Every structure is written in structure tokens, then in C-alpha cells.
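Worksheet for the structure shown next.
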Amino acid sequence: MATDPKLETLKVEFKRNPMMPWPFRINRVKRETEDTFTIELQPSGDLEEFQFQPGQFNMLYVYGVGEIPISISGDPLQPRVLVHTTRAVGTVTKAMAKLRRGDIIGIRGPFGKPWPIENAVGQDIVFVAGGIGLAPLRPALYEVVEQRERFGKVVLLYGTRTPADVLFRQELEHWRARFDLEVFVTVDRAMSGWKGNVGVVTTLIPRAPFDPRNTVAFVCGPEVMMRFTAIELVKRGVNPNTIYVSLERNMKCAIGLCGHCQFGSYFVCKDGPVFPYSVIKDLLVKWEL
Amino acid sequence: MEDLQRILAEHKFFKGLQQEYLDLIVGCASNVRFDAGQKIFSEGEEANQFYLIRTGKVAIELKAPGQREIILETLQEGDILGWSWLIPPYFWHYDGKALELTRMIAMDGKCLRSKCEQDHDLGYELLKRFSSIIVQRFEATRLQLLDVYGDRS
Amino acid sequence: MSAYILERKHFDTLLEALRERNYTIIAPVVKNNAIVLDEVTSVTQLPIGWTDEQSNGSYRLVKTDEPTVFQFAVGPQSVKRFLFPPIQKLFVTQKHSKGSNLSGSSEQGERKKKYAFLGIRPCELQAMKIQDRVFLEGPFVDPVYQMKRKDAFIIVVNCTRAGGTCFCTSMGSGPKANDGFDIALTEMYEQNQHYFVLESGSDRGEAMLKELKQGKEADGRVQRAGDRCQKAAEEMKKKIDITNLKDLLMQQVEHPQWEKVGSRCLSCANCTLVCPTCFCATVEDVTELSGATADRIRKWDSCFTLEFSYIHGGSVRTSVKSRYRQWVLHKLSTWVDQFGTYGCVGCGRCITWCPVGIDITEEVQKIRETSI
């Protein structure tokens, strides 16, 4: 079978130019909850694998509609499948939700600084996820579980809106069933009949089984939730230098050249999206910065 | 009795309380247990007790016409349940239900209330502690109100 | 590196030398009542005899009797327009039955032009150096900028007259250029002598100057040119005190002055459009009506627009004050953390072209004097 010369040029262009998307084919579009869906993609052409680190994101291009940043939510040890989970709330994501198996999405990436899992070796890890924030944390959970013996206690605290909005239910139950992982789930509100916790995710922190003096925290969710979570973790005795949050800003180029994602001196796309809380905590409380 | 004394004395809520007050509280404390689904208190009833949850889970619920009951919050091991006994007009504002087998220490609020009227120092100590619980619940409620995971418009 | 004198009547030989080397010459011209940069082939196209009067929110061209060639300050455009085009096609996607096909950036289709910039000011040269750091020295290099920049021949014109809104002395970017150019020229018109002092700043600049048959070896007139630039520096009316400015501004994020200037600012984005260092851009996908092809286009953008900071739920900077503050903080504070220099070169364009005459030097001074 002859190699498509256009693809050869494409491969060279892609390597040279981070503004060029690579076509990926959709394997599956899965509805997770009312407004959240997951797409599983496979690289096309000569590209066989997509390597990334947990916490990084891609720019996804839907032909004729537009391009948006979405965190990668799959297993870094399964690079033949690229997975993204997102809410269908804007023009591009709504168009994406309507795509089907075989359709093409243009991928640029991976971009951004990942969750510093190596910093947590030998320590306890607490993951705090709010809503869709569980998606960018999932790759980190996969990686930690894969090398479980390198870490101390591992705890996942997950808060979401209502029981119907709980993401990745099967996986949560699977993790909870392990003896070496603790999973606590809470919802903001529920109807009678729900036997789980009701209350904001910060209420899970005082009781969570980790040693604050020897803990690294990875926090992801709406900015308000991350702010209050960080405060609660610090109250419990966790060092702000070992609390990491993942920020979100308007992104166009994802390579630190278009200026849109600036947050103080930082470009969220290349200096982040993962930041140590201690570095940005003063910026977080400055309104409209 | 000794067992209750130890549990209460070690709990962070009662930390720093004078021994005579602690003895008083222990004096009106008892072990209680509720099965899964059992009602602990109902909205509108006189509030004469408060509880320290030892094991299990309690749901604070509110009835709204035309809907199933809404769970506002759940409390678990180590949480204090009930402040309506101390703040007038002394009746429960919500329903409380055990979600699973729950064991708690119940304390006689009515008796303590009259003691607080007589001894204001005791009253101040208890109000200090309960107001901080109410503030915590209040701040958590505000976060719930923000509906941070919902559609922002 | 050496200096030469070139009489005015022989000035065209300089352009000839550039043309012989296949450069497309970009120089100031008068167009639409302003002095802008455009392609030229002869010295007659330059703004001979023109000067400008600039002040807060005001720009006027005035014709004089003098035959001077470069007796004006900067116009609304800068070299950025050529190295970082306002609209740039990045690639084209074509849809076909099996999916879509991406074809490379349009730079492959463009005629390869080598630019020679004749008559840019030292402040513009400084702005180019600043943009070099942004586009060439980060983890990602912009291929379009790189291609256009590497062959560019630079002939900078030192300033012998301060413009009405200039403050380059405060930012260390003028009125005389020190390095980064191929040739620097200073125009001297006095006592019926009209000549240019040419100094080379690079090997190829030196080579070109040696070739100029009409060039004469430098004499005492070189010193006079230097003095004239010094005089221009002294004439400059506007100033910014940049002592500790980066930290000062970051600490004054809540200063009430932002609110005051925010109520005047129209968020029209003129300042970002004329600024020679602003680099914010947006990326748009434009589909042809039939849906057969879609172009990915990069366009200049401005942090003054409401949509600039939009994320799901709303924009981060909704108030005009917060957007004005973002621009100033970026230019005079966070730019230092990002790129190691201030982002402002003191060209004064933002002051001249602001419809309500907001003066960045005044605003910063007020904040400094009344810091909370």
C-alpha cells in the first residue's frame, strides 16, 4: 500500500507547527450524564499512539465549527485511544456531542504542565474533584493506581451536583472496592432515597484519612470550589506548596502566543494549567484579574 | 457512664469545658440507637435534645409540597446534631432521619437549657461552641447555594 | 563599524543598493492624512517636507517648506504589521468523502519577499527586539514571524526631533539606536547643507555602505548628528518613572485610579492596534458557504474586548476598568516576568491615537504619587 504523500507532508508539518491539527477518528461517543459526554478517538494515518501526561489538554477542532481546549481524561498507559470528557454547553461542544463513530476531529496537543505525580512519591495523595473536574484528574488516578506501591494513603473526594450527575460511576465503585484506595462521594443536593452524603465537597476534608503533614493534594473543579477546597486543606494542615489546582482560561493558540489565557504573569496554557496553590493564591482573590 | 464520660471529654467540641460542666452534661447523656430509615426528629416538634453521632449517617431533610423530601445535608461520625434546643423558639426546623444503623449519644437539652439560664457562664460556653457549628453549616450551605457545578448564565 | 556621510542628492543610491539585492523596501509614506509604512521604490515617495503634530488624542500632518525627508515622529502603524500580519491564513481544511484533508499554511503559496525597512525609528527597533523575544525565544516559535524576520534588512532613522507624545528616553529605547540595525542614519538639514550621517551596525550594513559610490568618510559632522539626537532627548516632554514600576503596579491593583480611567476609556482597542509590541491574536475558523473548505485564520485581537477573556459562564474581565488595568499591568509589569523587559517602548502612539486622550504616562504617575 502506497503511503499517501499528503499525509507525509502533514506529518512533517505537524511536527514543525503546533498550530496544525492532526486528524483523529471517533470510535465512540458516550453519554455520561445529562450534559456530559465522553469521546474516544483513534489517531489516523501513520500516527499510532498519542502520548500525554495526566493533567495535559488538547485543542479539539470540529470541522467548520471551531476549536476548544479540553483536558485529556483517558489512561496514559493506553496511548492508542485518546479520551476526552466534557460538558456540552457551548457551540463547539454541542456540535461535538452530535458527532458519530467514524467522524473526524482535529487534535493539537498535548499542551500544558501536568499533575506533578512524582512529587507525591512516598507521601499520601488526596484527590479532590468537583463536578467535571473529575475528568482531568482521572488520568492521574490511573497512573497512581498503576504504581500504587510508590505512594502512601490515596484518597479521592468527589463532589457533584446531584446523584444523577455522578461521573464514571463504574470506575468509582471499582476503585472503592480496592482495599488500598478510599473514595468518598458527596452531592450538593439529593431527593430522599439517596443513601450517600449530601453537602459540599469541602465537608469531606476534615474527616478524610490522610496525614496532612505528608500529603500532596490535586484539586480540580470550578474555581470557587478549588479556592474553598484549598483553604480547607490548609486549615487541616496541608502545606500550600503541595496543593495543586488546575485553572481554566480562554485559549486560542494553546502555545503562549495569543495572549488570551493570561492570569497575572502566567499563561495558563504553558505555565499551567496545573499550578501550585501557593504560587497563585493571591491572584485568585483579585477580582477580574 | 464512664464510657460516655470518656467519649464526651475527648471530643473536640467539648474541649476546654470546665469539669463541673462536663459532669453536668454527662449527667444528662445517654446512648441511643436508630435503625436505617428511622425518624429521629420531625419538623415542628419541640427540640429538647442534641446528639453526638458515634457511628452511622443522618440525613437532614425538608418536605416540600408535591415533591419527595429533599436531603439538605448528611452528618456522620463525630458530627454534632441539633442546635434548635439552644436557640429560641426551641423546635426542630427540619426532619432528621437515620440513613443506616446509627448510634449516638443523646443529651437532655431541656434540662441543660434551664441550667444555662441560671448559670450564664455555662450558657456562654455552650453558645460559643454551637455558634461555630452553625457558622460552619451556614458557610457550607452558601457554597451549596452557589450551585458551582450547575449551568452558569 | 564605520560612519559615512551621504549627501541628500545621492540618497537614492541607498535605495538602489537595496533594490539590487532584491529587497522589497518598506518606508514611511503619506497616505490618508497620516504617515504609514508602505512599499516604495524611489525617494520621491517618502514624506518629503512633511512633519507631524501629535498630542493626547490628536494627530495632524503639516507641510513645511523644508526639504527634509524624515522630520516626523511615528505614525499609527509599525513594523509589526509586516512581521506579524493583522490577518494571516494558517491552513486550509478541505472536506472530502473520507473525512477531511489539511493543507499547510499559506506561506508556501506566498511570494517570498525579503523586506528592507527604511526609516523606522529607534523605538520601533526596540519593539522589534521585544517581539523577537515573544515570537522566537519561547518554547514555541512562530514560523510566520521567523520567516519574515530573519532576512529583514533594517535601516533605522535616529530622531532629531521629539514627537509630541514621545517618551522613549524613559524606556531606554531612543532617540538614538545603539544596536540591532544594519544601518543607522541621522538626517541633518542646517545652514543650507542637507546630508545623512550613516553608521553601520552589521557586516552586511558595512558592506552596503562601502559600496555606495557617493558615500564619503565620516568627519566632524558625525558629532553634530549625535548632538542633535541629544537635543531631541532633552526636548521630550513626557516621562515615566520606571523605578520599581513592575512591583509598584502589581501592588496597586485595587487603586481607585483604575476606576477613574476606566470611566473615560471606551475600550475601542485603538491603543492595542497601534502599539508596536502588542501581540495578542485570535484564531478563527472560517468556512466557505458550501462547506467544502474551512480556513484557519489568525487575526489581531485586543484584551480590551469583552470576549477576550470569555470562558463558559461569562468573561473574567467584564468591567472596562479591569480591561484597561490588564493592558497596563501587562505592558509595564507582568511583561517583565514573562519576557525579561518592559513591553512599552515609549513611542507615544497609544496617547496620540486614544480618542479620549488617555495618557499612560499620566495614569502611571498618578498611581505612583497616590499609592495605597
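In the C-alpha cells, each chain is lettered A, B, ... as it comes, each chain's residues begin at 1, and ligands are numbered from 1 in order of appearance.
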Please provide as a PDB file with C-alpha atoms, in the first residue's frame all residues within 8 Å of Phe275 (chain A), with the sequence filter that same-chain residues fewer than 3 positions apart are discarded (counting only C-alpha atoms).
```pdb
ATOM      1  CA  TYR A 244      -2.041  21.750  43.080  1.00  0.00           C
ATOM      2  CA  VAL A 245      -5.009  23.233  41.237  1.00  0.00           C
ATOM      3  CA  SER A 246      -5.926  23.235  37.543  1.00  0.00           C
ATOM      4  CA  LEU A 247      -7.071  26.534  36.079  1.00  0.00           C
ATOM      5  CA  ASP A 271       2.819  27.842  32.642  1.00  0.00           C
ATOM      6  CA  GLY A 272      -0.238  25.823  33.726  1.00  0.00           C
ATOM      7  CA  VAL A 279       2.057  30.432  43.670  1.00  0.00           C
ATOM      8  CA  ILE A 280      -1.347  31.714  42.552  1.00  0.00           C
TER       9      ILE A 280
END
```
Based on DSSP run over this structure's backbone, return all residues of region 74-123 of chain B in alpha helix (DSSP H), as a PDB file with C-alpha atoms, in the first residue's frame.
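The file below, part.pdb, is the result:
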```
ATOM      1  CA  GLY B 109     -31.319  19.850  76.080  1.00  0.00           C
ATOM      2  CA  LYS B 110     -34.332  20.899  78.114  1.00  0.00           C
ATOM      3  CA  CYS B 111     -32.527  20.297  81.355  1.00  0.00           C
ATOM      4  CA  LEU B 112     -29.362  21.975  80.117  1.00  0.00           C
ATOM      5  CA  ARG B 113     -31.345  24.971  78.875  1.00  0.00           C
ATOM      6  CA  SER B 114     -32.724  25.753  82.311  1.00  0.00           C
ATOM      7  CA  LYS B 115     -29.245  25.290  83.798  1.00  0.00           C
ATOM      8  CA  CYS B 116     -27.905  27.819  81.237  1.00  0.00           C
ATOM      9  CA  GLU B 117     -30.486  30.371  82.337  1.00  0.00           C
ATOM     10  CA  GLN B 118     -29.259  30.001  85.889  1.00  0.00           C
ATOM     11  CA  HIS B 120     -24.670  32.245  82.373  1.00  0.00           C
ATOM     12  CA  ASP B 121     -21.082  31.090  82.231  1.00  0.00           C
ATOM     13  CA  LEU B 122     -22.323  27.654  81.199  1.00  0.00           C
ATOM     14  CA  GLY B 123     -24.638  29.336  78.726  1.00  0.00           C
TER      15      GLY B 123
END
```
Counting only C-alpha atoms, which residues of chain C fall within 7 Å of chain A, and what is the closest atom pair for each with its distance in Å at one decimal, ordered by chain and rising number, as a Markdown table?
```
| residue | atom | partner | partner_atom | distance |
| --- | --- | --- | --- | --- |
| C:Gly99 | CA | A:Ile104 | CA | 6.2 |
| C:Gly104 | CA | A:Glu13 | CA | 6.9 |
| C:Phe140 | CA | A:Ile255 | CA | 6.4 |
| C:Phe279 | CA | A:Cys258 | CA | 6.7 |
| C:Cys280 | CA | A:Cys258 | CA | 4.5 |
| C:Ala281 | CA | A:Cys258 | CA | 4.6 |
| C:Thr282 | CA | A:Lys252 | CA | 6.0 |
| C:Val283 | CA | A:Lys252 | CA | 5.8 |
| C:Asp285 | CA | A:Gly66 | CA | 5.9 |
| C:Val286 | CA | A:Gly64 | CA | 7.0 |
| C:Thr287 | CA | A:Gly64 | CA | 5.4 |
| C:Ala294 | CA | A:Gly64 | CA | 6.0 |
| C:Phe308 | CA | A:His260 | CA | 6.3 |
| C:Ser309 | CA | A:Asn250 | CA | 5.5 |
| C:Tyr310 | CA | A:Asn250 | CA | 5.7 |
| C:Ile311 | CA | A:Asn250 | CA | 5.4 |
| C:Val316 | CA | A:Glu288 | CA | 5.5 |
| C:Arg317 | CA | A:Glu288 | CA | 4.8 |
| C:Ser322 | CA | A:Glu288 | CA | 6.0 |
| C:Thr334 | CA | A:Ser265 | CA | 4.6 |
| C:Trp335 | CA | A:Ser265 | CA | 7.0 |
| C:Asp337 | CA | A:Ser265 | CA | 6.2 |
| C:Gln338 | CA | A:Ser265 | CA | 6.2 |
```
Inset, instruction - Please identify all polymer residues within 8 Å of region 194-205 of chain A, counting only C-alpha atoms, omitting same-chain residues fewer than 2 positions from it, and present them as an MDAnalysis selection string. - result: (chainID A and resid 128 130 157:160 163 184:192 207:208 228:229 232:233 236) or (chainID B and resid 59 71:75 99 140:141 143:144)
Residue selection dump (C-alpha atoms) as a PDB file, in the first residue's frame:
```pdb
ATOM      1  CA  VAL A 128     -10.392  16.485  45.374  1.00  0.00           C
ATOM      2  CA  GLY A 130     -15.701  18.892  41.797  1.00  0.00           C
ATOM      3  CA  LEU A 157     -13.008  13.115  47.445  1.00  0.00           C
ATOM      4  CA  TYR A 158     -15.592  13.784  44.771  1.00  0.00           C
ATOM      5  CA  GLY A 159     -18.419  16.289  44.943  1.00  0.00           C
ATOM      6  CA  THR A 160     -21.021  16.925  42.299  1.00  0.00           C
ATOM      7  CA  PRO A 163     -26.720  11.821  42.270  1.00  0.00           C
ATOM      8  CA  PHE A 184     -15.855   9.449  49.253  1.00  0.00           C
ATOM      9  CA  VAL A 185     -18.633  10.932  47.173  1.00  0.00           C
ATOM     10  CA  THR A 186     -20.980  13.751  48.093  1.00  0.00           C
ATOM     11  CA  VAL A 187     -23.660  15.715  46.261  1.00  0.00           C
ATOM     12  CA  ASP A 188     -24.867  19.282  46.721  1.00  0.00           C
ATOM     13  CA  ARG A 189     -28.445  18.137  46.950  1.00  0.00           C
ATOM     14  CA  ALA A 190     -30.498  14.993  46.662  1.00  0.00           C
ATOM     15  CA  MET A 191     -34.018  13.748  46.978  1.00  0.00           C
ATOM     16  CA  SER A 192     -34.911  11.395  49.774  1.00  0.00           C
ATOM     17  CA  ARG A 207     -12.503  13.517  58.128  1.00  0.00           C
ATOM     18  CA  ALA A 208     -10.574  12.191  55.139  1.00  0.00           C
ATOM     19  CA  PHE A 228     -12.539  26.859  49.228  1.00  0.00           C
ATOM     20  CA  THR A 229     -11.076  23.379  48.994  1.00  0.00           C
ATOM     21  CA  GLU A 232      -9.986  23.816  53.938  1.00  0.00           C
ATOM     22  CA  LEU A 233      -6.906  21.691  53.160  1.00  0.00           C
ATOM     23  CA  ARG A 236      -6.275  20.823  58.087  1.00  0.00           C
TER      24      ARG A 236
ATOM     25  CA  ALA B  59     -29.957  12.967  56.769  1.00  0.00           C
ATOM     26  CA  ILE B  71     -31.979  15.985  51.632  1.00  0.00           C
ATOM     27  CA  LEU B  72     -30.238  19.202  52.629  1.00  0.00           C
ATOM     28  CA  GLU B  73     -27.259  17.698  54.311  1.00  0.00           C
ATOM     29  CA  THR B  74     -25.919  14.459  55.767  1.00  0.00           C
ATOM     30  CA  LEU B  75     -23.975  14.175  59.021  1.00  0.00           C
ATOM     31  CA  LEU B  99     -29.899   6.550  56.719  1.00  0.00           C
ATOM     32  CA  ALA B 140     -21.202  25.172  53.583  1.00  0.00           C
ATOM     33  CA  THR B 141     -24.791  25.976  52.718  1.00  0.00           C
ATOM     34  CA  LEU B 143     -21.386  27.063  48.768  1.00  0.00           C
ATOM     35  CA  GLN B 144     -24.224  24.693  48.037  1.00  0.00           C
TER      36      GLN B 144
END
```
Legend entry - Distance filter 12 Å, only C-alpha atoms, chain B against chain A, as a ChimeraX atom specification: /B:36-37,56-64,67-79,95-101,136-153
Inset, instruction - Show which residues sit within 10 Å of Ser173 (chain C), as a list in words. Count only C-alpha atoms, and ignore same-chain residues fewer than 3 positions away. - result: Arg121, Pro122, Cys123, Glu124, Leu125, Gln126, Ala127, Phe167, Cys168, Thr169, Ser170, Lys176, Ala177, Asn178, Cys344, Val345, Gly346 and Cys347 of chain C
Inset, instruction - Enumerate as a ChimeraX atom specification the residues belonging to chain C that approach chain B to within 12 Å, with only C-alpha atoms taken into account. - result: /C:311-315
Inset, instruction - Determine, counting only C-alpha atoms, which protein, DNA and RNA residues have an atom within 12 Å of an atom of Arg176 (chain A); residues of the same chain fewer than 4 positions away are not included. Present the result as a list of chain:residue names. - result: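 After dropping sequence-adjacent residues, the list is A:Val145, A:Val154, A:Val155, A:Leu156, A:Leu157, A:Arg169, A:Gln170, A:Glu171, A:Leu172, A:Asp180, A:Leu181, A:Glu182, A:Val183, A:Phe184, A:Val185.
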Write out, as a compact mmCIF listing (two decimals), in the first residue's frame, the residues just selected, with N, CA and C atoms.
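As a result, again-v3.txt now contains:
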```txt
# COMPACT_ATOMS: atom_id res chain seq x y z
N VAL A 145 -2.75 4.50 40.60
CA VAL A 145 -3.21 3.14 40.91
C VAL A 145 -2.27 2.11 40.27
N VAL A 154 -4.04 6.79 49.59
CA VAL A 154 -4.60 7.50 48.44
C VAL A 154 -6.09 7.67 48.68
N VAL A 155 -6.54 8.92 48.61
CA VAL A 155 -7.94 9.23 48.90
C VAL A 155 -8.52 10.05 47.75
N LEU A 156 -9.75 9.72 47.35
CA LEU A 156 -10.44 10.53 46.35
C LEU A 156 -11.69 11.12 46.99
N LEU A 157 -11.80 12.45 46.96
CA LEU A 157 -13.01 13.11 47.44
C LEU A 157 -13.68 13.71 46.22
N ARG A 169 -19.30 6.31 37.27
CA ARG A 169 -19.80 5.53 38.39
C ARG A 169 -19.11 4.18 38.55
N GLN A 170 -18.99 3.46 37.40
CA GLN A 170 -18.41 2.11 37.47
C GLN A 170 -16.99 2.18 38.01
N GLU A 171 -16.23 3.13 37.50
CA GLU A 171 -14.85 3.25 37.93
C GLU A 171 -14.75 3.61 39.41
N LEU A 172 -15.63 4.50 39.84
CA LEU A 172 -15.62 4.89 41.25
C LEU A 172 -15.89 3.68 42.12
N ASP A 180 -6.93 -0.55 49.04
CA ASP A 180 -5.85 0.43 49.25
C ASP A 180 -6.21 1.81 48.70
N LEU A 181 -7.49 2.04 48.52
CA LEU A 181 -7.94 3.33 47.98
C LEU A 181 -9.23 3.71 48.68
N GLU A 182 -9.34 4.96 49.13
CA GLU A 182 -10.58 5.38 49.76
C GLU A 182 -11.30 6.36 48.84
N VAL A 183 -12.58 6.13 48.63
CA VAL A 183 -13.35 7.01 47.76
C VAL A 183 -14.55 7.54 48.53
N PHE A 184 -14.69 8.85 48.60
CA PHE A 184 -15.85 9.45 49.25
C PHE A 184 -16.56 10.34 48.25
N VAL A 185 -17.86 10.16 48.14
CA VAL A 185 -18.63 10.93 47.17
C VAL A 185 -19.68 11.73 47.93
```
Legend entry - Contacts of region 184-198 of chain C within 9 Å, only C-alpha atoms, excl. fewer than 2 positions in-chain, as number ranges by chain: C: 2-9, 11, 66-71, 119, 154-160, 176-179, 181-182, 200-201, 209, 215, 218, 221-222, 224-226, 228-229
Legend entry - Contacts of region 76-79 of chain C within 6 Å, only C-alpha atoms, excl. fewer than 6 positions in-chain, as a PyMOL selection string: chain C and resi 36+274+276
Inset, instruction - Go through region 6-154 of chain C and collect every residue that DSSP, computed from the backbone, puts in strand (DSSP E or B); the answer should be as a PyMOL selection string. - result: chain C and resi 6-7+24-31+34-39+50-55+58-63+87-96+99-103+115-120+153-154
Inset, instruction - Could you check how far CA of Leu245 (chain C) sits from CA of Trp258 (chain C), in Å to one decimal? - result: 15.8 Å
Inset, instruction - Name the closest residue to Asp142 (chain C) among the candidates C:Val364, C:Arg298, C:Pro28, C:Lys216; distances are taken between atoms, counting only C-alpha atoms. - result: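 For Asp142 (chain C), the nearest of the candidates is C:Arg298.
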Inset, instruction - Provide the CA of Ile243 (chain A) to CA of Ile70 (chain A) distance in Å, to one decimal place. - result: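 Distance between the two atoms: 22.1 Å.
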Inset, instruction - For CA of Met128 (chain C) and CA of Lys80 (chain C), determine how far apart the two atoms are, in Å to one decimal place. - result: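 CA of Met128 (chain C) sits 7.4 Å away from CA of Lys80 (chain C).
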